[in-house]
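Undergrad: See entry-v8.csv below, with CSV, C-alpha atoms.
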```
chain,number,residue,atom,x,y,z
A,1,MET,CA,102.3,97.9,121.0
A,2,ILE,CA,102.5,95.6,124.0
A,3,MET,CA,104.5,93.1,122.1
A,4,ILE,CA,107.0,95.7,121.0
A,5,LYS,CA,107.3,97.0,124.6
A,6,TYR,CA,107.8,93.4,125.9
A,7,SER,CA,110.4,92.8,123.2
A,8,GLN,CA,112.2,96.0,124.1
A,9,ASP,CA,112.3,94.8,127.7
A,10,LYS,CA,114.0,91.6,126.5
A,11,ALA,CA,116.4,93.6,124.4
A,12,ALA,CA,117.3,95.8,127.4
A,13,THR,CA,118.1,92.6,129.4
A,14,LEU,CA,120.4,91.5,126.5
A,15,GLU,CA,121.9,95.0,126.5
A,16,LEU,CA,121.1,95.6,122.8
A,17,LYS,CA,121.6,99.2,121.7
A,18,ASP,CA,120.7,101.4,118.7
A,19,ILE,CA,120.9,99.6,115.3
A,20,LYS,CA,120.9,96.1,116.8
A,21,LEU,CA,117.8,96.9,118.8
A,22,LEU,CA,116.1,98.3,115.7
A,23,THR,CA,117.0,95.5,113.3
A,24,LYS,CA,116.8,92.5,115.7
A,25,VAL,CA,113.8,93.5,117.9
A,26,ILE,CA,111.7,96.4,116.9
A,27,LEU,CA,111.4,95.8,113.1
A,28,PRO,CA,110.7,92.1,113.4
A,29,ALA,CA,108.1,92.8,116.0
A,30,ALA,CA,106.4,95.5,113.9
A,31,SER,CA,106.8,94.0,110.5
A,32,PRO,CA,103.5,91.9,110.4
A,33,THR,CA,101.5,95.1,111.1
A,34,ILE,CA,103.6,97.1,108.6
A,35,LEU,CA,103.0,94.6,105.8
A,36,ALA,CA,99.3,94.2,106.6
A,37,GLY,CA,98.9,98.0,106.3
A,38,PHE,CA,100.9,98.0,103.1
A,39,VAL,CA,98.6,95.4,101.5
A,40,ASN,CA,95.5,97.2,102.6
A,41,SER,CA,96.8,100.5,101.3
A,42,LEU,CA,97.8,98.9,97.9
A,43,ARG,CA,94.4,97.4,97.5
A,44,THR,CA,92.6,100.7,98.2
A,45,ALA,CA,95.0,102.6,95.9
A,46,LEU,CA,94.3,100.3,93.0
A,47,VAL,CA,90.5,100.5,93.5
A,48,MET,CA,90.6,104.3,93.7
A,49,LEU,CA,92.8,104.4,90.6
A,50,VAL,CA,90.2,102.4,88.7
A,51,PHE,CA,87.4,104.7,89.9
A,52,ALA,CA,89.5,107.8,89.0
A,53,LYS,CA,90.1,106.4,85.5
A,54,MET,CA,86.4,105.7,85.1
A,55,PHE,CA,85.2,109.2,85.7
A,56,GLY,CA,88.2,111.5,85.0
A,57,ALA,CA,90.3,110.1,82.2
A,58,GLN,CA,90.0,109.6,78.5
A,59,HIS,CA,92.2,106.5,78.4
A,60,GLY,CA,92.7,103.4,80.5
A,61,MET,CA,90.7,100.3,81.6
A,62,GLY,CA,88.4,102.3,83.8
A,63,PHE,CA,87.5,104.5,80.9
A,64,PHE,CA,87.1,101.4,78.7
A,65,VAL,CA,84.6,99.8,81.1
A,66,ARG,CA,82.6,103.0,81.6
A,67,LEU,CA,82.4,103.8,77.9
A,68,ASN,CA,81.3,100.3,76.9
A,69,ALA,CA,78.7,100.3,79.7
A,70,GLU,CA,77.3,103.6,78.5
A,71,PHE,CA,77.0,102.3,74.9
A,72,GLY,CA,75.4,99.0,76.2
A,73,MET,CA,78.2,96.7,75.1
A,74,TYR,CA,78.0,94.6,78.2
A,75,ASN,CA,80.2,91.8,76.9
A,76,ARG,CA,83.1,94.3,76.6
A,77,THR,CA,82.1,95.9,79.9
A,78,TRP,CA,82.4,92.5,81.6
A,79,ALA,CA,85.6,91.6,79.8
A,80,GLY,CA,87.2,94.9,81.1
A,81,PHE,CA,85.8,94.3,84.6
A,82,LEU,CA,87.1,90.8,84.7
A,83,PHE,CA,90.5,92.0,83.4
A,84,LEU,CA,90.7,94.5,86.3
A,85,VAL,CA,89.8,91.8,88.8
A,86,PHE,CA,92.4,89.5,87.3
A,87,VAL,CA,95.1,92.2,87.6
A,88,LEU,CA,94.1,92.9,91.2
A,89,PHE,CA,94.2,89.2,92.0
A,90,ILE,CA,97.7,88.9,90.5
A,91,VAL,CA,98.9,91.9,92.5
A,92,MET,CA,97.4,90.5,95.7
A,93,GLN,CA,99.0,87.1,95.1
A,94,VAL,CA,102.4,88.7,94.6
A,95,CYS,CA,101.9,90.6,97.9
A,96,GLU,CA,100.9,87.3,99.6
A,97,LYS,CA,104.1,85.6,98.3
A,98,LEU,CA,106.2,88.6,99.5
A,99,HIS,CA,104.5,88.4,102.9
A,100,LYS,CA,105.2,84.7,103.2
A,101,TYR,CA,108.8,85.2,102.1
A,102,LEU,CA,109.5,88.2,104.4
A,103,LEU,CA,107.7,86.8,107.4
A,104,LYS,CA,108.4,83.1,107.3
A,105,TRP,CA,109.0,83.1,111.1
A,106,THR,CA,105.4,84.1,111.8
A,107,GLY,CA,104.1,80.8,110.6
```
What would you get if you wrote out this structure as structure tokens?

TA:
Amino acid sequence: MIMIKYSQDKAATLELKDIKLLTKVILPAASPTILAGFVNSLRTALVMLVFAKMFGAQHGMGFFVRLNAEFGMYNRTWAGFLFLVFVLFIVMQVCEKLHKYLLKWTG
């Protein structure tokens, strides 16, 4: 918040108004925090989706993992679990690439 206020003071010195202030000062200053929140929310949403599928659905990977665990087919349980981890890993890598692309200037 302090960085945004400091940036707004610089923008006022340059006499930036409205859209230019928003696009050139406020959004670039807030974008690292916005993207970090997006990644955390996405990770939490994917984990909650898997748990919801495990206990409330009749189809899907969460159901597959739970069903095979109940029947003692642990090789299939681990295969399903590792598949879910792999999907989460790929999604997080895509988010990391997007983060690096959108915020190159943060270094």

Undergrad: Neighbouring residues of Ala36 of chain A were defined as those with any atom within 12 Å, considering all atoms listed in the file; residues of the same chain fewer than 4 positions away were excluded. Please report them as a PyMOL selection string.

TA: chain A and resi 30-32+40-43+92+95-96+98-100+103

Undergrad: Which is closer to Met54 of chain A than all the others in A:Gly80, A:Gly72, A:Leu35, A:Ala29, using all atoms listed in the file?

TA: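 For Met54 of chain A, the nearest of the given residues is A:Gly80.
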
Undergrad: Just give me the gap between atom CA of Val85 of chain A and atom CA of Asn68 of chain A in Å, one decimal is fine.

TA: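 Atom CA of Asn68 of chain A lies at a distance of 16.9 Å from atom CA of Val85 of chain A.
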
Undergrad: Could you tell me which of A:Lys24, A:Ile34, A:Val39, A:Leu84 comes closest to Lys97 of chain A if we count all atoms listed in the file?

TA: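 Answer, going by the shortest atom-to-atom distance: A:Val39.
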
Undergrad: Find the spatial neighbours of Phe64 of chain A, counting all atoms listed in the file, within a cut-off of 10 Å - ignore same-chain residues fewer than 2 positions away - and output them as a list in words.

TA: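 Contacts, with the query itself left out: Lys53, Met54, Ala57, Gln58, His59, Gly60, Met61, Gly62, Arg66, Leu67, Asn68, Ala69, Arg76, Thr77, Ala79, Gly80 and Phe81 of chain A.
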
Undergrad: Can you write out the residues you just picked, keeping C-alpha atoms, as a PDB file, in the coordinates of the input?

TA:
```
ATOM      1  CA  LYS A  53      90.100 106.400  85.500  1.00  0.00           C
ATOM      2  CA  MET A  54      86.400 105.700  85.100  1.00  0.00           C
ATOM      3  CA  ALA A  57      90.300 110.100  82.200  1.00  0.00           C
ATOM      4  CA  GLN A  58      90.000 109.600  78.500  1.00  0.00           C
ATOM      5  CA  HIS A  59      92.200 106.500  78.400  1.00  0.00           C
ATOM      6  CA  GLY A  60      92.700 103.400  80.500  1.00  0.00           C
ATOM      7  CA  MET A  61      90.700 100.300  81.600  1.00  0.00           C
ATOM      8  CA  GLY A  62      88.400 102.300  83.800  1.00  0.00           C
ATOM      9  CA  ARG A  66      82.600 103.000  81.600  1.00  0.00           C
ATOM     10  CA  LEU A  67      82.400 103.800  77.900  1.00  0.00           C
ATOM     11  CA  ASN A  68      81.300 100.300  76.900  1.00  0.00           C
ATOM     12  CA  ALA A  69      78.700 100.300  79.700  1.00  0.00           C
ATOM     13  CA  ARG A  76      83.100  94.300  76.600  1.00  0.00           C
ATOM     14  CA  THR A  77      82.100  95.900  79.900  1.00  0.00           C
ATOM     15  CA  ALA A  79      85.600  91.600  79.800  1.00  0.00           C
ATOM     16  CA  GLY A  80      87.200  94.900  81.100  1.00  0.00           C
ATOM     17  CA  PHE A  81      85.800  94.300  84.600  1.00  0.00           C
TER      18      PHE A  81
END
```

Undergrad: So what do you get for atom CA of Leu49 of chain A versus atom CA of Phe63 of chain A, distance-wise?

TA: 11.1 Å

Undergrad: Suppose you want the space between atom CA of Ile90 of chain A and atom CA of Thr106 of chain A; what is it in Å?

TA: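 Between atom CA of Ile90 of chain A and atom CA of Thr106 of chain A the gap works out to 23.2 Å.
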